[in-house]
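Peer 1: Sharing a structure below in structure tokens format, with a few things to ask.
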Protein chains: 4
Amino acid sequence: MAPSDKENQHLRDMRREQILDAAVKVFSRRGVIGTKMSMIAEVAGLSHGLLYHYFKSKDQLFTTLVEFAMEQSHSTMMYVYQLPGSPIEKIKTLTELIFREGNSAYFMLIHQARTSDGVPESAKELIQRHSIKTYVDQLLPLFEEGQRVGEIADGDPQELISCYLTVISGLMLLDTQVNGDYSKPDIDILLRIITVSR
Amino acid sequence: MAPSDKENQHLRDMRREQILDAAVKVFSRRGVIGTKMSMIAEVAGLSHGLLYHYFKSKDQLFTTLVEFAMEQSHSTMMYVYQLPGSPIEKIKTLTELIFREGNSAYFMLIHQARTSDGVPESAKELIQRHSIKTYVDQLLPLFEEGQRVGEIADGDPQELISCYLTVISGLMLLDTQVNGDYSKPDIDILLRIITVSR
Amino acid sequence: MAPSDKENQHLRDMRREQILDAAVKVFSRRGVIGTKMSMIAEVAGLSHGLLYHYFKSKDQLFTTLVEFAMEQSHSTMMYVYQLPGSPIEKIKTLTELIFREGNSAYFMLIHQARTSDGVPESAKELIQRHSIKTYVDQLLPLFEEGQRVGEIADGDPQELISCYLTVISGLMLLDTQVNGDYSKPDIDILLRIITVSR
Amino acid sequence: MAPSDKENQHLRDMRREQILDAAVKVFSRRGVIGTKMSMIAEVAGLSHGLLYHYFKSKDQLFTTLVEFAMEQSHSTMMYVYQLPGSPIEKIKTLTELIFREGNSAYFMLIHQARTSDGVPESAKELIQRHSIKTYVDQLLPLFEEGQRVGEIADGDPQELISCYLTVISGLMLLDTQVNGDYSKPDIDILLRIITVSR
DNA sequence: TATGAATGAGAATTCATTCAT
DNA sequence: AATGAATGAATTCTCATTCAT
């Protein structure tokens, strides 16, 4: 007797997740070209043939991940407004969230997508619609508020945000390395970039 | 008439240089696996066959570049002590130097070497001997001096250097992208990470 | 309640038929290599897994069809003797029968079997036992009769039959194409090949 | 010293020819899907890798052949007008030419292109622009002349040509088989299709 | 019996490297 | 020294076949 549709769907969802998980790990460290489907299969613990039951091609798998990463990063950003505390406390918590294990892979993925060559056009377009400007706009109200209450340094808030995000992005990139020689800097020190000193 | 040995040697040196120049450019953007020998040959303006008269293999070419990059970065660091001005002025100038066009390629190269897989063992070993700790040690006297004269913030100077270098490394990485969405942050803002505010 | 053996057997026979029908259609247009088991399954309206309950392999399925095609074509030929009318009228009706929808698939199948490579040895042997010579022999009495009554042109009757069958075979082949650019020629014109003109 | 450009070009031309020759043979018998690049390489007597120095892909190789085949068939048709003799003599010679060794491969190729599935769109378009109608138009003046001088049977000349060409095409297809069971029919018998009997 | 998930052998294509010229 | 033709190992992707349910 054939397994029920429901069981089957469940299985498919599990597998899909399993593959996506493995794929972020590998793509983020090795880029599109450097990633072999067989590696993803191995990390996911299944045969390479099976990958193609779930994703049409390496490109499509990658693009799916990029889409997901973009969504994730935006909702992480928006989440800041639900956090408790003063603006600077919110930003600190946000930074911690971003640095938290698991997020760097997505940053790296987006970086890979921006810089690499083997990247499918679909992924590139996706990314162009989500430039850093988008994030700056998302955070603008928070920074303006911070400046109003005197927690955040004076100056063009957009430049401040851009600078802060850029530094964070750079750190995320570095973070992806396996036998990391770098360690993530202390967040309080990083915050000096945007804070007013007493 | 056969060219003299000297002329010949000169020609060889030119070619070697030409190839190395092309290779940094390509490797830094595309990683080891993503770089095809034919791309390097094209950028260098010669046939791919000729590369093999100068470098045994792609791996050896890459390793040679990494060696060179390590030397470069160390001498750039040491150069700081020959710069004029107060400690913080020296650090600012050093930062500008590092950010200057052409250096990011070497940073990226080292990053590639650290993270990628196609990287020959020889290059990996080379890099492990030049961890960030080495750079920290190089800059330690300067930062201590800076703290003494009250230009640099208090706290563990090693952590401060490490943080600063890590941020800079991250920015160099980001910088390698072609149609960059990111722009390099203002150096004065970055310096807030290590400076004492008035 | 378990279905009776009889019902079960009936179901099996239905399924088998269903699969064979789908298979001729697909094989005849796409050849052995070009045909995927999943295509046959789709056309037959069942899962590809099920095909293997009825046929050991793609090869066996194909061979079964070839066997069937050979039998069909022979009995079609023999049927000519049961047709009413003079020899030439019989031949005309036979030709119409052969051209009738559904028969070309079998011709194509045999052609595929003759020419293709993915073809199992078993099918090839089968075909070699049924060369055109066999058909010529089947039709010989009819043609001789035709010559006797002056309806069919003089000359070696075997060559005449062979020529006629060859032309027909060629036309059947052409016919298999989907968006056919060719249309089947008028039978009366074709008959000129073998008839005496008044 | 590098080989001169001229030598090189010559070599390239030779190789290209060599590959195309091998490719017609294999494609015509096995279709696009059934043909493996390695087979072509083997028949041509070189490595499969080299094929890709001369043709971007299997598809492109196939399309190149189809283009060539179309040109060939058209110029063969037009050649009829340069042949000596009465209309029917011209047609007989033309038929012989078409049947001559080497031409059937091209017919088969076009047939493959029309019917198969693995066929690249580019090849399909090419073929749609060269339907049988084109050939009919090319031969129309000749057949009309034949009817005028009483050598060719009455009736719609376009239908007559179409019928004749269709029969010939079918025969060409059959002809491609290796251990041919069919033999090409006598041309004089075939001509009965279009001629007036005395 | 019926399904479709899973496997893995095999084919197309790429590219580092060699080598004749 | 210089070129680019030639090779073949490695990689992506397809699909016949198996098998758990």
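For the structure tokens, the naming scheme is as follows: chains receive sequential letters (A, B, ...) according to their order of presentation, residues are indexed from 1 within each chain, and ligands are indexed from 1 in presentation order.
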Applying 9 Å and only C-alpha atoms (C1' of nucleotides), which residues near segment 8-11 of chain F remain after dropping the ones on its own chain fewer than 4 positions away? List them as a list of chain:residue names.
Peer 2: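 Near segment 8-11 of chain F, the qualifying residues are A:Lys36, A:Met37, D:Ser47, D:His48, D:Gly49, E:DT13, E:DT14.
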Peer 1: Report as a tab-separated table: every residue of chain B with an atom at most 12 Å from chain E, its closest pair of atoms, and their distance in Å to one decimal, counting only C-alpha atoms (C1' of nucleotides), with rows sorted by chain and ascending residue number.
Peer 2:
residue	atom	partner	partner_atom	distance
B:Ile33	CA	E:DC15	C1'	10.6
B:Gly34	CA	E:DC15	C1'	10.9
B:Thr35	CA	E:DC15	C1'	10.2
B:Lys36	CA	E:DC15	C1'	7.2
B:Met37	CA	E:DA16	C1'	7.5
B:Ser38	CA	E:DC15	C1'	8.8
B:Met39	CA	E:DC15	C1'	11.1
B:His48	CA	E:DT17	C1'	10.1
B:Gly49	CA	E:DT17	C1'	8.8
B:Leu50	CA	E:DT17	C1'	11.5
B:Leu51	CA	E:DT17	C1'	10.6
B:Tyr52	CA	E:DT17	C1'	8.4
B:His53	CA	E:DT18	C1'	11.7
B:Phe55	CA	E:DT17	C1'	11.6
B:Lys56	CA	E:DT17	C1'	9.6
B:Ser57	CA	E:DT17	C1'	8.1
B:Lys58	CA	E:DA16	C1'	7.8
B:Asp59	CA	E:DA16	C1'	10.4
Peer 1: Show which residues sit within 10 Å of segment 42-46 of chain B, as an NGL selection string. Count only C-alpha atoms (C1' of nucleotides), and ignore same-chain residues fewer than 4 positions away.
Peer 2: (:B and (15-23 or 25-26 or 36-38 or 50-51)) or (:F and (2-3))
Peer 1: Give me the residues within 12 Å of Ile88 of chain D as a PDB file with C-alpha atoms, in the first residue's frame, counting only C-alpha atoms (C1' of nucleotides) and dropping any in the same chain fewer than 3 places off.
Peer 2:
ATOM      1  CA  VAL D  80      18.472  19.357 -61.726  1.00  0.00           C
ATOM      2  CA  TYR D  81      18.113  22.295 -64.083  1.00  0.00           C
ATOM      3  CA  LEU D  83      21.363  18.348 -66.084  1.00  0.00           C
ATOM      4  CA  PRO D  84      21.117  17.300 -69.729  1.00  0.00           C
ATOM      5  CA  GLY D  85      18.161  15.534 -71.283  1.00  0.00           C
ATOM      6  CA  ILE D  91      14.406  13.618 -62.759  1.00  0.00           C
ATOM      7  CA  LYS D  92      15.897  10.178 -63.080  1.00  0.00           C
ATOM      8  CA  THR D  93      19.394  11.527 -62.752  1.00  0.00           C
ATOM      9  CA  LEU D  94      18.354  13.662 -59.816  1.00  0.00           C
ATOM     10  CA  THR D  95      16.902  10.628 -58.100  1.00  0.00           C
ATOM     11  CA  LEU D 139      10.713  21.483 -58.971  1.00  0.00           C
ATOM     12  CA  LEU D 142      10.425  21.085 -64.393  1.00  0.00           C
ATOM     13  CA  PHE D 143       7.298  19.032 -63.835  1.00  0.00           C
ATOM     14  CA  GLU D 144       5.123  21.475 -65.745  1.00  0.00           C
ATOM     15  CA  GLU D 145       7.507  21.238 -68.634  1.00  0.00           C
ATOM     16  CA  GLY D 146       7.354  17.453 -68.355  1.00  0.00           C
ATOM     17  CA  GLN D 147       3.599  17.545 -68.527  1.00  0.00           C
ATOM     18  CA  ARG D 148       3.706  19.867 -71.525  1.00  0.00           C
ATOM     19  CA  VAL D 149       5.914  17.501 -73.480  1.00  0.00           C
ATOM     20  CA  GLY D 150       3.740  14.569 -72.417  1.00  0.00           C
ATOM     21  CA  GLU D 151       6.383  12.746 -70.392  1.00  0.00           C
ATOM     22  CA  ILE D 152       4.779  13.255 -67.034  1.00  0.00           C
ATOM     23  CA  ALA D 153       1.308  12.127 -66.024  1.00  0.00           C
ATOM     24  CA  ILE D 187      14.487   3.756 -60.079  1.00  0.00           C
ATOM     25  CA  ASP D 188      12.622   2.943 -63.273  1.00  0.00           C
ATOM     26  CA  LEU D 190       9.653   4.352 -58.985  1.00  0.00           C
ATOM     27  CA  LEU D 191       9.378   6.649 -61.945  1.00  0.00           C
ATOM     28  CA  ARG D 192       6.084   5.022 -62.826  1.00  0.00           C
ATOM     29  CA  ILE D 193       4.598   7.118 -60.054  1.00  0.00           C
ATOM     30  CA  ILE D 194       4.932  10.195 -62.166  1.00  0.00           C
ATOM     31  CA  THR D 195       5.232   9.007 -65.713  1.00  0.00           C
ATOM     32  CA  VAL D 196       2.754   8.415 -68.440  1.00  0.00           C
TER      33      VAL D 196
END
Peer 1: Contacts from chain B to chain A, 7 Å maximum, only C-alpha atoms: show me the residue list as an MDAnalysis selection string.
Peer 2: chainID B and resid 30 33:34 114:116 131:132 163 166:167 170:171 173:174 177:178 181:182 185 189:190 192:193 197
Peer 1: Atom CA of His10 of chain C to atom CA of Val66 of chain C: how many Å, to one decimal?
Peer 2: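 It comes out at 23.5 Å.
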Peer 1: Mind dumping a table of every chain F residue within 12 Å of chain A, with the nearest atom pair and its distance in Å to one decimal, using only C-alpha atoms (C1' of nucleotides), sorted by chain and rising number, as CSV?
Peer 2:
residue,atom,partner,partner_atom,distance
F:DA10,C1',A:Lys36,CA,10.7
F:DT11,C1',A:Lys36,CA,7.5
F:DT12,C1',A:Met37,CA,7.8
F:DC13,C1',A:Ser57,CA,7.8
F:DT14,C1',A:Gly49,CA,8.8
F:DC15,C1',A:Gly49,CA,9.8
F:DC19,C1',A:Ala2,CA,11.9
F:DA20,C1',A:Pro3,CA,9.3
F:DT21,C1',A:Pro3,CA,5.3
Peer 1: With distances taken over only C-alpha atoms, which of C:Ser122, C:Ser75, C:Ser28, C:Gln82 is nearest to Gly102 of chain C?
Peer 2: C:Ser28
Peer 1: Just asking: which residues within segment 24-82 of chain B are alpha helix (DSSP H) according to DSSP, as a PyMOL selection string?
Peer 2: chain B and resi 24-34+37-44+48-54+58-79
